[in-house]
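Inspection log for the structure reproduced underneath, given as structure tokens.
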Amino acid sequence: MRRFSAEYLEDTREGMWADRTALEPLRLGSRERVLDVGCGTGELTAVLAEESPGEVVAADADPALLGYATADERVLADATRLPFRAAFDLVVCQALLVNLPDPVGALREFASASTELVAAVEPDNGAVAVESTVGGESALAASAREAYIEGVDTDITLGKDLETLFERAGISDVESRIHYHRRTVEPPYGESDYEAARRKARGDELRDTRGELLASGLSESAYDALEADWRAMGENVVEAMEENNYRRAEVIPFHVAVGRV
């Protein structure tokens, strides 16, 4: 399973649930006991606690990340080996199944821990859209993303297949919705925006995923060319920000599926 830093999780989930319409099928207002599996730094946990009158338990296999989550109880636990059986009326995860080699097995484990509902909020990373005022950024982001999807060892596009995965796990009456998480960069810029631009100019993002990009079949020379173009694009982003005219929008579709055990 891939690991992520607290900074990465907090940055990529910032503002995600300003609109909570897609969570309506979870019927949070009537939940008595909820388990958030693979809670990370607890962005969804906080939403569950706000919307549910019952107890919310956060679980994660990474003790460092778990320490960030605010919940009635925090449990160090692997998503594929939960220490619970029929203990919650809702078991839910966010952006977890895309990082697991056996998502169906994990869903079966969730069903064993639930007395009523199982839910998942998962992205389709193959359908991410990027718009930028810097020429070439959208195309470069698409090229890098396509290669990364091919090279990573789990299915990070599985959000679009959630209903099928639920059915394979024996979860019935599945209902699904799509939540579009829009992340924007525009003036006035924050320090995190400037740091993201500097990372582009250094090529950090590509180097962080170099192994996956090469595993996709990308040659060393093709990778070097991609990195050179990426760094040049990053320098253009830095310059545009200095002139206060850089804007970027990234839209990630998250599929929300809820079913009955």
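Here, A, B, ... name the chains of the structure tokens in the order displayed, residue numbers run from 1 inside each chain, and ligands are numbered from 1 in the same displayed order.
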Which residues are near segment 128-133 of chain A? Cut-off 6 Å, only C-alpha atoms, ignore same chain within fewer than 4 positions. Put them as a PyMOL selection string. chain A and resi 138+246-252
Can you tell me which residues surround Ala142 of chain A at a distance of at most 12 Å, considering only C-alpha atoms, apart from same-chain residues fewer than 2 positions away, and format the answer as a ChimeraX atom specification? /A:125-131,136-140,144-149,226,230,250
Could you jot down the atom CA of Arg210 of chain A to atom CA of Leu100 of chain A separation for me, Å, one decimal place?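 That distance, rounded to one decimal, is 20.2 Å.
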Using only C-alpha atoms, which residues sit within 12 Å of Leu97 of chain A once same-chain residues fewer than 5 positions away are excluded, as a PyMOL selection string? chain A and resi 1-2+37-39+79-80+92+102-108+110+119-124+154-159+161-162+165-166+255
Using the selection just defined, write its residues with C-alpha atoms as a compact mmCIF listing (two decimals), in the first residue's frame.
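Printed below is out_15.txt as written:
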```txt
# COMPACT_ATOMS: atom_id res chain seq x y z
CA MET A 1 0.00 0.00 0.00
CA ARG A 2 1.28 3.46 -0.88
CA VAL A 37 -11.29 3.24 7.76
CA GLY A 38 -7.94 4.52 6.52
CA CYS A 39 -8.84 7.90 7.95
CA ALA A 79 -8.12 -1.96 6.58
CA THR A 80 -7.85 -5.60 5.51
CA VAL A 92 -16.80 4.14 5.28
CA ASP A 102 -7.35 -6.18 -3.13
CA PRO A 103 -10.13 -3.59 -2.83
CA VAL A 104 -12.88 -6.22 -2.97
CA GLY A 105 -11.32 -8.07 -0.05
CA ALA A 106 -11.23 -4.81 1.92
CA LEU A 107 -14.90 -4.17 1.17
CA ARG A 108 -15.76 -7.64 2.46
CA PHE A 110 -15.88 -3.55 5.92
CA ALA A 119 -19.69 3.31 1.85
CA ALA A 120 -16.64 4.38 -0.12
CA VAL A 121 -15.51 7.70 -1.60
CA GLU A 122 -12.94 6.99 -4.30
CA PRO A 123 -11.42 9.04 -7.13
CA ASP A 124 -11.19 8.24 -10.80
CA THR A 154 -2.95 -0.49 -7.87
CA ASP A 155 -5.98 0.74 -9.81
CA ILE A 156 -6.15 4.46 -9.08
CA THR A 157 -9.04 4.90 -11.50
CA LEU A 158 -11.36 2.47 -9.68
CA GLY A 159 -13.77 5.15 -8.49
CA ASP A 161 -16.12 0.96 -10.95
CA LEU A 162 -17.27 1.20 -7.32
CA LEU A 165 -16.71 -3.76 -6.71
CA PHE A 166 -19.46 -3.48 -4.10
CA HIS A 255 -17.40 8.50 -6.81
```
Go through A:Glu191, A:Arg260, A:Ala225, A:Asp208 one by one, measure the shortest atom-to-atom distance of each to Met241 of chain A using only C-alpha atoms, and give the residue with the smallest value.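 Nearest candidate to Met241 of chain A out of A:Glu191, A:Arg260, A:Ala225, A:Asp208: A:Glu191.
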Atom CA of Ser114 of chain A and atom CA of Leu90 of chain A are how many Å apart?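 It comes out at 6.0 Å.
The residue that comes closest to Val237 of chain A, out of A:Arg85, A:Arg33, A:Arg198, A:Arg207 and on the basis of only C-alpha atoms, is A:Arg198.
Residues within 10 Å of Val47 of chain A, counting only C-alpha atoms and excluding same-chain residues fewer than 6 positions away, are Trp17, Ala18, Arg20, Leu23 and Leu28 of chain A.
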Which of these, A:Cys93, A:Leu44, A:Leu35, A:Leu117, has the shortest distance to Gly15 of chain A once you count only C-alpha atoms?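 With only C-alpha atoms as the atom set, the closest residue is A:Leu44.
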